[in-house]
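*Asks:* This one is upload03.cif, mmCIF, C-alpha atoms and all ligand atoms.
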```cif
data_run
#
loop_
_atom_site.group_PDB
_atom_site.id
_atom_site.type_symbol
_atom_site.label_atom_id
_atom_site.label_comp_id
_atom_site.auth_asym_id
_atom_site.auth_seq_id
_atom_site.Cartn_x
_atom_site.Cartn_y
_atom_site.Cartn_z
ATOM 1 C CA MET A 1 -36.427 -1.063 107.488
ATOM 2 C CA ASP A 2 -33.262 0.321 109.085
ATOM 3 C CA PHE A 3 -31.321 -0.016 105.875
ATOM 4 C CA PRO A 4 -29.049 3.018 105.588
ATOM 5 C CA GLY A 5 -27.752 2.664 109.162
ATOM 6 C CA GLN A 6 -25.906 -0.534 108.337
ATOM 7 C CA THR A 7 -23.094 0.981 106.317
ATOM 8 C CA GLN A 8 -19.847 1.389 108.218
ATOM 9 C CA SER A 9 -18.028 4.447 106.804
ATOM 10 C CA PRO A 10 -19.165 7.552 104.900
ATOM 11 C CA PRO A 11 -19.261 6.980 101.156
ATOM 12 C CA PRO A 12 -16.342 8.397 99.173
ATOM 13 C CA ALA A 13 -16.450 10.143 95.825
ATOM 14 C CA LEU A 14 -15.339 7.991 92.917
ATOM 15 C CA HIS A 15 -12.761 9.451 90.536
ATOM 16 C CA LEU A 16 -12.505 7.973 87.041
ATOM 17 C CA ARG A 17 -9.432 9.521 85.442
ATOM 18 C CA ALA A 18 -8.065 9.490 81.902
ATOM 19 C CA LEU A 19 -9.854 6.259 81.025
ATOM 20 C CA SER A 20 -9.509 4.831 77.568
ATOM 21 C CA LEU A 21 -10.973 1.667 76.126
ATOM 22 C CA VAL A 22 -10.259 0.083 72.757
ATOM 23 C CA TYR A 23 -12.196 -2.893 71.372
ATOM 24 C CA ASP A 24 -10.941 -4.494 68.150
ATOM 25 C CA LYS A 25 -8.857 -1.398 67.282
ATOM 26 C CA ARG A 26 -11.951 0.816 67.751
ATOM 27 C CA VAL A 27 -11.457 3.530 70.381
ATOM 28 C CA LEU A 28 -14.674 3.534 72.440
ATOM 29 C CA PHE A 29 -13.445 6.412 74.549
ATOM 30 C CA GLY A 30 -10.105 8.003 75.339
ATOM 31 C CA ASP A 31 -8.897 10.214 78.152
ATOM 32 C CA LEU A 32 -12.310 10.199 79.824
ATOM 33 C CA ASP A 33 -12.714 11.819 83.269
ATOM 34 C CA LEU A 34 -15.742 11.513 85.548
ATOM 35 C CA THR A 35 -16.191 12.266 89.219
ATOM 36 C CA VAL A 36 -19.128 10.533 90.891
ATOM 37 C CA ALA A 37 -19.845 12.850 93.821
ATOM 38 C CA ALA A 38 -19.804 11.438 97.348
ATOM 39 C CA GLY A 39 -23.214 10.552 98.722
ATOM 40 C CA ARG A 40 -24.965 11.717 95.549
ATOM 41 C CA PHE A 41 -26.940 10.029 92.806
ATOM 42 C CA THR A 42 -25.334 10.393 89.372
ATOM 43 C CA VAL A 43 -27.140 9.199 86.240
ATOM 44 C CA LEU A 44 -25.349 8.292 83.004
ATOM 45 C CA LEU A 45 -27.221 8.425 79.698
ATOM 46 C CA GLY A 46 -26.250 8.047 76.065
ATOM 47 C CA PRO A 47 -27.032 6.167 72.867
ATOM 48 C CA SER A 48 -27.002 2.399 72.664
ATOM 49 C CA GLY A 49 -23.517 1.057 71.974
ATOM 50 C CA VAL A 50 -21.683 4.228 73.033
ATOM 51 C CA GLY A 51 -19.866 2.483 75.909
ATOM 52 C CA LYS A 52 -21.912 3.128 79.082
ATOM 53 C CA SER A 53 -21.894 -0.473 80.328
ATOM 54 C CA SER A 54 -18.212 -0.794 79.508
ATOM 55 C CA LEU A 55 -17.488 2.354 81.521
ATOM 56 C CA LEU A 56 -19.519 1.053 84.474
ATOM 57 C CA LYS A 57 -17.697 -2.300 84.367
ATOM 58 C CA ILE A 58 -14.353 -0.488 84.423
ATOM 59 C CA ALA A 59 -15.568 1.543 87.427
ATOM 60 C CA ALA A 60 -16.569 -1.712 89.136
ATOM 61 C CA GLY A 61 -13.189 -3.288 88.401
ATOM 62 C CA LEU A 62 -14.804 -5.998 86.257
ATOM 63 C CA ILE A 63 -12.892 -5.187 83.073
ATOM 64 C CA PRO A 64 -9.597 -3.333 82.674
ATOM 65 C CA ALA A 65 -9.227 -0.028 80.828
ATOM 66 C CA GLN A 66 -6.309 0.477 78.440
ATOM 67 C CA THR A 67 -5.270 3.557 80.407
ATOM 68 C CA GLY A 68 -6.421 5.531 83.414
ATOM 69 C CA SER A 69 -7.447 4.911 86.996
ATOM 70 C CA VAL A 70 -10.488 4.418 89.211
ATOM 71 C CA GLU A 71 -10.024 5.600 92.778
ATOM 72 C CA ALA A 72 -12.012 6.574 95.847
ATOM 73 C CA ASP A 73 -11.207 10.055 97.144
ATOM 74 C CA ASP A 74 -10.625 8.735 100.678
ATOM 75 C CA GLY A 75 -7.561 6.884 99.388
ATOM 76 C CA LYS A 76 -8.838 3.512 100.598
ATOM 77 C CA PRO A 77 -9.075 0.493 98.266
ATOM 78 C CA LEU A 78 -12.348 -0.011 96.405
ATOM 79 C CA ALA A 79 -12.406 -3.769 96.947
ATOM 80 C CA GLY A 80 -15.434 -4.815 98.954
ATOM 81 C CA ARG A 81 -17.043 -1.368 98.839
ATOM 82 C CA ILE A 82 -18.918 -1.560 95.521
ATOM 83 C CA ALA A 83 -22.287 -3.151 94.760
ATOM 84 C CA PHE A 84 -22.760 -3.765 91.034
ATOM 85 C CA MET A 85 -26.028 -4.485 89.255
ATOM 86 C CA GLY A 86 -25.371 -5.478 85.649
ATOM 87 C CA GLN A 87 -27.513 -4.969 82.563
ATOM 88 C CA GLN A 88 -28.295 -8.719 82.676
ATOM 89 C CA ASP A 89 -29.740 -10.008 85.950
ATOM 90 C CA LEU A 90 -27.131 -12.814 86.267
ATOM 91 C CA LEU A 91 -29.183 -14.747 88.815
ATOM 92 C CA PHE A 92 -27.861 -18.146 89.830
ATOM 93 C CA PRO A 93 -30.272 -20.663 88.261
ATOM 94 C CA TRP A 94 -29.867 -23.184 91.076
ATOM 95 C CA ALA A 95 -30.803 -20.740 93.878
ATOM 96 C CA ASP A 96 -34.295 -19.504 94.717
ATOM 97 C CA ALA A 97 -35.091 -15.782 94.937
ATOM 98 C CA LEU A 98 -34.158 -15.592 98.626
ATOM 99 C CA GLY A 99 -30.924 -17.473 97.957
ATOM 100 C CA ASN A 100 -30.070 -15.135 95.094
ATOM 101 C CA VAL A 101 -30.673 -12.002 97.164
ATOM 102 C CA SER A 102 -28.334 -13.280 99.883
ATOM 103 C CA VAL A 103 -25.831 -15.105 97.669
ATOM 104 C CA GLY A 104 -23.043 -12.527 98.162
ATOM 105 C CA ALA A 105 -22.863 -13.212 101.879
ATOM 106 C CA ARG A 106 -22.879 -16.952 101.297
ATOM 107 C CA LEU A 107 -20.083 -16.695 98.704
ATOM 108 C CA ARG A 108 -18.012 -14.712 101.219
ATOM 109 C CA GLY A 109 -18.498 -17.471 103.771
ATOM 110 C CA GLU A 110 -20.736 -15.283 105.962
ATOM 111 C CA THR A 111 -24.070 -16.237 107.483
ATOM 112 C CA PRO A 112 -26.620 -14.191 105.525
ATOM 113 C CA ASP A 113 -29.233 -12.159 107.377
ATOM 114 C CA LEU A 114 -32.235 -13.887 105.822
ATOM 115 C CA ASP A 115 -34.750 -11.639 107.601
ATOM 116 C CA ARG A 116 -33.195 -8.673 105.839
ATOM 117 C CA ALA A 117 -33.178 -10.541 102.521
ATOM 118 C CA ARG A 118 -36.889 -11.366 103.005
ATOM 119 C CA ALA A 119 -37.637 -7.731 103.898
ATOM 120 C CA LEU A 120 -35.922 -6.574 100.705
ATOM 121 C CA LEU A 121 -37.831 -9.114 98.622
ATOM 122 C CA ALA A 122 -41.001 -7.664 100.161
ATOM 123 C CA GLU A 123 -39.815 -4.134 99.309
ATOM 124 C CA VAL A 124 -39.492 -5.117 95.639
ATOM 125 C CA GLY A 125 -42.958 -6.702 95.728
ATOM 126 C CA LEU A 126 -41.848 -10.346 95.747
ATOM 127 C CA ALA A 127 -42.580 -11.454 99.328
ATOM 128 C CA ASP A 128 -44.534 -14.425 98.010
ATOM 129 C CA ARG A 129 -41.826 -15.555 95.550
ATOM 130 C CA ALA A 130 -38.921 -16.127 97.976
ATOM 131 C CA ALA A 131 -38.868 -19.846 97.169
ATOM 132 C CA SER A 132 -39.175 -19.420 93.385
ATOM 133 C CA LEU A 133 -36.310 -20.405 91.096
ATOM 134 C CA PRO A 134 -35.259 -17.786 88.507
ATOM 135 C CA HIS A 135 -36.605 -19.721 85.506
ATOM 136 C CA THR A 136 -40.097 -19.601 87.040
ATOM 137 C CA LEU A 137 -40.015 -15.785 87.329
ATOM 138 C CA SER A 138 -40.847 -13.183 84.679
ATOM 139 C CA GLY A 139 -38.137 -10.889 83.323
ATOM 140 C CA GLY A 140 -39.333 -7.985 85.468
ATOM 141 C CA MET A 141 -39.483 -10.210 88.569
ATOM 142 C CA ARG A 142 -35.946 -11.423 87.931
ATOM 143 C CA GLN A 143 -34.787 -7.841 87.609
ATOM 144 C CA ARG A 144 -36.407 -7.002 90.943
ATOM 145 C CA VAL A 145 -34.606 -9.951 92.568
ATOM 146 C CA ALA A 146 -31.357 -8.572 91.150
ATOM 147 C CA LEU A 147 -32.235 -5.128 92.560
ATOM 148 C CA ALA A 148 -32.921 -6.656 95.991
ATOM 149 C CA ARG A 149 -29.579 -8.484 95.781
ATOM 150 C CA THR A 150 -27.792 -5.217 95.019
ATOM 151 C CA LEU A 151 -29.502 -3.449 97.936
ATOM 152 C CA PHE A 152 -28.759 -6.417 100.234
ATOM 153 C CA GLU A 153 -25.038 -5.871 99.638
ATOM 154 C CA ASP A 154 -25.297 -2.620 101.629
ATOM 155 C CA ARG A 155 -22.245 -0.954 100.033
ATOM 156 C CA PRO A 156 -21.291 2.727 100.140
ATOM 157 C CA LEU A 157 -20.708 2.721 96.349
ATOM 158 C CA VAL A 158 -23.457 1.427 94.089
ATOM 159 C CA LEU A 159 -23.222 0.992 90.308
ATOM 160 C CA MET A 160 -26.402 0.030 88.445
ATOM 161 C CA ASP A 161 -26.848 -0.616 84.724
ATOM 162 C CA GLU A 162 -30.453 0.015 83.564
ATOM 163 C CA PRO A 163 -31.858 -1.521 86.758
ATOM 164 C CA PHE A 164 -35.532 -0.992 85.859
ATOM 165 C CA SER A 165 -35.452 -1.614 82.093
ATOM 166 C CA ALA A 166 -37.709 -4.706 82.216
ATOM 167 C CA LEU A 167 -40.377 -3.243 84.514
ATOM 168 C CA ASP A 168 -43.897 -2.047 83.788
ATOM 169 C CA ALA A 169 -44.494 1.671 84.290
ATOM 170 C CA ALA A 170 -46.064 1.408 87.746
ATOM 171 C CA ASN A 171 -43.440 -0.980 89.144
ATOM 172 C CA ARG A 172 -40.753 1.108 87.541
ATOM 173 C CA ALA A 173 -41.960 4.245 89.334
ATOM 174 C CA ARG A 174 -42.199 2.302 92.626
ATOM 175 C CA MET A 175 -38.705 0.851 92.261
ATOM 176 C CA GLN A 176 -37.288 4.287 91.409
ATOM 177 C CA GLU A 177 -38.688 5.592 94.683
ATOM 178 C CA LEU A 178 -37.451 2.559 96.618
ATOM 179 C CA ALA A 179 -33.932 2.851 95.200
ATOM 180 C CA VAL A 180 -33.751 6.568 95.971
ATOM 181 C CA ARG A 181 -34.944 5.932 99.532
ATOM 182 C CA LEU A 182 -32.663 2.980 100.268
ATOM 183 C CA LEU A 183 -29.601 4.408 98.540
ATOM 184 C CA ARG A 184 -29.871 7.930 99.960
ATOM 185 C CA GLY A 185 -26.472 9.158 101.132
ATOM 186 C CA ARG A 186 -24.544 6.585 99.104
ATOM 187 C CA THR A 187 -22.382 7.278 96.076
ATOM 188 C CA VAL A 188 -24.433 5.998 93.158
ATOM 189 C CA LEU A 189 -23.780 5.805 89.419
ATOM 190 C CA MET A 190 -26.777 4.523 87.458
ATOM 191 C CA ILE A 191 -27.243 4.048 83.711
ATOM 192 C CA THR A 192 -30.637 4.560 82.127
ATOM 193 C CA HIS A 193 -32.139 5.244 78.694
ATOM 194 C CA ASP A 194 -35.154 6.921 80.276
ATOM 195 C CA PRO A 195 -34.897 10.732 80.575
ATOM 196 C CA LEU A 196 -37.846 10.871 83.010
ATOM 197 C CA GLU A 197 -36.199 8.296 85.256
ATOM 198 C CA ALA A 198 -32.966 10.292 85.137
ATOM 199 C CA CYS A 199 -34.775 13.511 86.079
ATOM 200 C CA ARG A 200 -36.767 11.852 88.884
ATOM 201 C CA MET A 201 -33.794 10.121 90.498
ATOM 202 C CA GLY A 202 -30.581 11.915 89.637
ATOM 203 C CA ASP A 203 -28.789 14.702 91.481
ATOM 204 C CA THR A 204 -26.377 14.953 88.550
ATOM 205 C CA LEU A 205 -26.900 13.870 84.952
ATOM 206 C CA VAL A 206 -24.117 13.100 82.499
ATOM 207 C CA VAL A 207 -24.431 12.226 78.811
ATOM 208 C CA LEU A 208 -21.868 10.044 77.036
ATOM 209 C CA ASP A 209 -21.957 10.536 73.281
ATOM 210 C CA GLY A 210 -19.878 10.447 70.120
ATOM 211 C CA ALA A 211 -17.210 8.218 68.632
ATOM 212 C CA PRO A 212 -14.853 8.210 70.400
ATOM 213 C CA ALA A 213 -17.291 9.005 73.213
ATOM 214 C CA ARG A 214 -17.000 12.152 75.336
ATOM 215 C CA LEU A 215 -18.952 13.278 78.377
ATOM 216 C CA ASP A 216 -21.051 16.452 78.295
ATOM 217 C CA ALA A 217 -20.620 18.872 81.182
ATOM 218 C CA PRO A 218 -22.624 17.436 84.110
ATOM 219 C CA LEU A 219 -26.119 18.818 84.662
ATOM 220 C CA THR A 220 -27.302 19.411 88.241
ATOM 221 C CA VAL A 221 -30.970 18.623 88.890
ATOM 222 C CA PRO A 222 -32.677 20.931 91.397
ATOM 223 C CA GLY A 223 -34.937 19.609 94.169
ATOM 224 C CA GLU A 224 -34.853 16.460 96.206
ATOM 225 C CA ALA A 225 -35.325 13.005 94.647
ATOM 226 C CA PRO A 226 -37.562 11.147 94.093
ATOM 227 C CA ARG A 227 -39.210 13.966 92.158
ATOM 228 C CA PRO A 228 -42.858 13.601 91.159
ATOM 229 C CA PRO A 229 -43.231 12.366 87.561
ATOM 230 C CA ASP A 230 -45.793 15.091 86.800
ATOM 231 C CA ASP A 231 -43.809 17.983 88.313
ATOM 232 C CA PRO A 232 -43.639 20.660 85.565
ATOM 233 C CA ALA A 233 -39.931 21.278 86.234
ATOM 234 C CA VAL A 234 -39.201 17.549 85.917
ATOM 235 C CA LEU A 235 -41.206 17.321 82.696
ATOM 236 C CA GLN A 236 -39.450 20.335 81.238
ATOM 237 C CA LEU A 237 -36.029 18.950 82.118
ATOM 238 C CA GLN A 238 -36.816 15.519 80.687
ATOM 239 C CA GLY A 239 -37.924 17.200 77.448
ATOM 240 C CA ALA A 240 -34.662 19.139 77.253
ATOM 241 C CA LEU A 241 -32.712 15.983 78.021
ATOM 242 C CA LEU A 242 -34.543 14.033 75.310
ATOM 243 C CA ARG A 243 -33.735 16.799 72.822
ATOM 244 C CA ARG A 244 -30.076 16.578 73.822
ATOM 245 C CA LEU A 245 -30.112 12.787 73.382
ATOM 246 C CA MET A 246 -31.719 13.147 69.916
ATOM 247 C CA ARG A 247 -29.058 15.538 68.671
HETATM 248 N N1 LIG B 301 -16.241 -7.742 75.260
HETATM 249 C C1 LIG B 301 -16.344 -6.988 74.162
HETATM 250 N N2 LIG B 301 -15.581 -7.204 73.088
HETATM 251 C C2 LIG B 301 -15.676 -6.437 71.980
HETATM 252 N N3 LIG B 301 -16.529 -5.401 71.868
HETATM 253 C C3 LIG B 301 -17.320 -5.141 72.916
HETATM 254 C C4 LIG B 301 -17.290 -5.919 74.109
HETATM 255 N N4 LIG B 301 -18.201 -5.402 74.979
HETATM 256 C C5 LIG B 301 -18.778 -4.376 74.350
HETATM 257 N N5 LIG B 301 -18.265 -4.210 73.118
HETATM 258 C C6 LIG B 301 -18.624 -3.173 72.155
HETATM 259 O O1 LIG B 301 -18.428 -1.924 72.778
HETATM 260 C C7 LIG B 301 -19.445 -1.021 72.413
HETATM 261 C C8 LIG B 301 -20.097 -0.456 73.670
HETATM 262 O O2 LIG B 301 -20.768 -1.490 74.368
HETATM 263 P P1 LIG B 301 -21.513 -1.165 75.738
HETATM 264 O O3 LIG B 301 -22.170 -2.425 76.181
HETATM 265 O O4 LIG B 301 -20.568 -0.523 76.664
HETATM 266 O O5 LIG B 301 -22.596 -0.100 75.229
HETATM 267 P P2 LIG B 301 -23.790 0.620 75.993
HETATM 268 O O6 LIG B 301 -23.580 2.080 75.861
HETATM 269 O O7 LIG B 301 -23.923 0.067 77.352
HETATM 270 O O8 LIG B 301 -25.052 0.196 75.089
HETATM 271 P P3 LIG B 301 -26.565 -0.181 75.520
HETATM 272 O O9 LIG B 301 -27.238 1.127 75.823
HETATM 273 O O10 LIG B 301 -27.115 -0.817 74.276
HETATM 274 O O11 LIG B 301 -26.515 -1.099 76.682
HETATM 275 C C9 LIG B 301 -20.396 -1.778 71.485
HETATM 276 O O12 LIG B 301 -20.056 -1.477 70.160
HETATM 277 C C10 LIG B 301 -20.091 -3.226 71.779
HETATM 278 O O13 LIG B 301 -20.290 -4.030 70.642
HETATM 279 MG MG MG B 302 -25.340 -1.106 78.258
#
```
In structure tokens, how does this file's structure come out?

*Replies:*
Amino acid sequence: MDFPGQTQSPPPALHLRALSLVYDKRVLFGDLDLTVAAGRFTVLLGPSGVGKSSLLKIAAGLIPAQTGSVEADDGKPLAGRIAFMGQQDLLFPWADALGNVSVGARLRGETPDLDRARALLAEVGLADRAASLPHTLSGGMRQRVALARTLFEDRPLVLMDEPFSALDAANRARMQELAVRLLRGRTVLMITHDPLEACRMGDTLVVLDGAPARLDAPLTVPGEAPRPPDDPAVLQLQGALLRRLMR
């Protein structure tokens, strides 16, 4: 599929600057800076409840931060340039899988390219479930519909929150490879709890930890993604990453 060619302008870097977020008088993070490098795949890890999803929602413009800014380094507005895949699949219950994949275009009043939506459903292994309603799909199938919907949006900036968390190991590995292939050259920030996934997919890894949460210095992963899951360097790095996460 000629997927990457459809994006109009080169992807910018995303600068998150001096972000702070307070929930119920509890400072989740304060004065947090993160640059998501242009055209690179950045992976965010950290313990449950530390604030990863909240940070991603701020980056997507879905919730406000108390302080700070989110800007593209090309100076252009972010509106309309971000695809967001949330931790919940948020499928529309009244639309079938094909309708959910293409719903963004319909909501914008555009005529969706249904051939492309069908091709993406096939890429996520659901060619035969295009007419299925969400409640008739398994959790992992629903998540793959949500992934196809995110890829269908064809945006230069892509933010994904644990996009493969409901998948079996084999599908998970396949979807990791698909996402790397179809998102190559875009500016991606993805959250995962899986150190192996991070080491297979990420160009840069960042760990959010502590209360209030801080970011570790970013770690650059050598070699081109998707890296083989049994590559000794990948296995060594995932072990080191797991040790860091267990600290
Ligand atoms: N709308 C909200 N109102 C109040 N507190 C919230 C809200 N959303 C999240 N929180 C709190 O903020 C903290 C961080 O939540 P967040 O969802 O960002 O964590 P996370 O790092 O993504 O965790 P997980 O790995 O479990 O998904 C949690 O303590 C959560 O209870
Ligand atoms: Mg989360």

*Asks:* To test the calculation: enclose all listed atoms of range 190-202 of chain A in a box whose edges run along x, y and z, add 3 Å on each side, then state centre and edge lengths in Å to one decimal, as AutoDock Vina command-line options.

*Replies:*
```
--center_x -32.3 --center_y 8.8 --center_z 84.6 --size_x 17.1 --size_y 15.5 --size_z 17.8
```

*Asks:* Quick one: residues within 12 Å of Asp168 in chain A, all atoms listed in the file, excluding same-chain residues fewer than 5 positions away - as JSON, numbers by chain?

*Replies:* {"A": [138, 139, 140, 141, 143, 144, 173, 174, 175, 176]}

*Asks:* Could you tell me which of A:Gly109, A:Gly80, A:Gly185, A:Gly46 comes closest to ligand MG 302 (chain B) if we count all atoms listed in the file?

*Replies:*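 Of the candidates, the smallest distance to ligand MG 302 (chain B) is held by A:Gly46.
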
*Asks:* I would like the residues chosen by the PyMOL selection byres (((not hetatm)) within 10 of (chain B and resi 301)) on the shown file; could you give them as a VMD selection string?

*Replies:* chain A and resid 21 to 29 44 to 58 63 87 to 88 161 to 162 191 to 193 208 to 209 213

*Asks:* Do you know which residues the PyMOL selection byres (((chain A and resi 216) around 12) and not hetatm) returns on this file, as a PyMOL selection string?

*Replies:* chain A and resi 32-34+44-46+204-210+213-215+217-219+241+244-245

*Asks:* In terms of the shortest atom-to-atom distance over all atoms listed in the file, which of A:Ala169, A:Leu98, A:Ala13, A:Val36 is closest to Ala131 in chain A?

*Replies:*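 Among the listed residues, the smallest separation from Ala131 in chain A belongs to A:Leu98.
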
*Asks:* Got a sec: who's within 8 Å of range 224-238 of chain A, counting all atoms listed in the file, leaving out chain neighbours fewer than 5 positions off, as a list in words?

*Replies:* Gln176, Glu177, Val180, Arg181, Pro195, Leu196, Ala198, Cys199, Arg200, Met201, Gly202 and Asp203 of chain A

*Asks:* Exactly which residues make up the result of the PyMOL selection byres (((chain A and resi 81-86) around 8) and not hetatm) on this file, given as number ranges by chain?

*Replies:* A: 60, 78-80, 87-90, 146-147, 150-151, 153-163

*Asks:* Write out, as a PDB file, keeping the file's coordinate frame, the residues just selected, with C-alpha atoms.

*Replies:*
```pdb
ATOM      1  CA  ALA A  60     -16.569  -1.712  89.136  1.00  0.00           C
ATOM      2  CA  LEU A  78     -12.348  -0.011  96.405  1.00  0.00           C
ATOM      3  CA  ALA A  79     -12.406  -3.769  96.947  1.00  0.00           C
ATOM      4  CA  GLY A  80     -15.434  -4.815  98.954  1.00  0.00           C
ATOM      5  CA  GLN A  87     -27.513  -4.969  82.563  1.00  0.00           C
ATOM      6  CA  GLN A  88     -28.295  -8.719  82.676  1.00  0.00           C
ATOM      7  CA  ASP A  89     -29.740 -10.008  85.950  1.00  0.00           C
ATOM      8  CA  LEU A  90     -27.131 -12.814  86.267  1.00  0.00           C
ATOM      9  CA  ALA A 146     -31.357  -8.572  91.150  1.00  0.00           C
ATOM     10  CA  LEU A 147     -32.235  -5.128  92.560  1.00  0.00           C
ATOM     11  CA  THR A 150     -27.792  -5.217  95.019  1.00  0.00           C
ATOM     12  CA  LEU A 151     -29.502  -3.449  97.936  1.00  0.00           C
ATOM     13  CA  GLU A 153     -25.038  -5.871  99.638  1.00  0.00           C
ATOM     14  CA  ASP A 154     -25.297  -2.620 101.629  1.00  0.00           C
ATOM     15  CA  ARG A 155     -22.245  -0.954 100.033  1.00  0.00           C
ATOM     16  CA  PRO A 156     -21.291   2.727 100.140  1.00  0.00           C
ATOM     17  CA  LEU A 157     -20.708   2.721  96.349  1.00  0.00           C
ATOM     18  CA  VAL A 158     -23.457   1.427  94.089  1.00  0.00           C
ATOM     19  CA  LEU A 159     -23.222   0.992  90.308  1.00  0.00           C
ATOM     20  CA  MET A 160     -26.402   0.030  88.445  1.00  0.00           C
ATOM     21  CA  ASP A 161     -26.848  -0.616  84.724  1.00  0.00           C
ATOM     22  CA  GLU A 162     -30.453   0.015  83.564  1.00  0.00           C
ATOM     23  CA  PRO A 163     -31.858  -1.521  86.758  1.00  0.00           C
TER      24      PRO A 163
END
```

*Asks:* Report, in Å with one decimal, the straight-line distance from CA of Val70 in chain A to CA of Asp31 in chain A.

*Replies:*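 About the pair CA of Val70 in chain A and CA of Asp31 in chain A: they are 12.6 Å apart.
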
*Asks:* Pick out the closest residue to Ala130 in chain A from this set: A:Ala117, A:Ala97, A:Leu91, A:Leu16. Count all atoms listed in the file.

*Replies:* A:Ala97

*Asks:* Work out how far apart CA of Arg17 in chain A and CA of Pro212 in chain A are and give it in Å to one decimal.

*Replies:* 16.0 Å

*Asks:* In Å, rounded to a single decimal, give me how far CA of His15 in chain A is from CA of Met190 in chain A.

*Replies:*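 We find that CA of Met190 in chain A and CA of His15 in chain A lie 15.2 Å from each other.
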
*Asks:* Please write as a ChimeraX atom specification the list of polymer residues whose atoms come within 6 Å of (-18.0, 4.8, 90.2), counting only C-alpha atoms and keeping to the coordinates of the file.

*Replies:* /A:14,36,59,189

*Asks:* Find the residues near Pro11 in chain A: any atom within 6 Å, counting all atoms listed in the file, skip ones fewer than 5 places away on the same chain, and give them as a list of chain:residue names.

*Replies:*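 Once the nearby chain positions are removed, what remains is A:Ala38, A:Gly39, A:Pro156, A:Arg186, A:Thr187.
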
*Asks:* I'd like the contact shell of Arg184 in chain A - 9 Å cut-off, all atoms listed in the file, skipping same-chain residues fewer than 4 positions apart - returned as a list in words.

*Replies:* Pro4, Gly39, Arg40, Phe41, Ala179, Val180 and Val188 of chain A

*Asks:* When you look at Leu107 in chain A with a cut-off of 12 Å (counting all atoms listed in the file), what residues show up, excluding the ones that are within fewer than 6 positions of it in the same chain? I need them as a ChimeraX atom specification.

*Replies:* /A:92,99-101,153

*Asks:* Of the residues A:Leu126, A:Leu137, A:Ala72, A:Ala65, which is the one nearest to Pro93 in chain A, using all atoms listed in the file?

*Replies:*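 Residue with the minimum atom-to-atom distance to Pro93 in chain A: A:Leu137.
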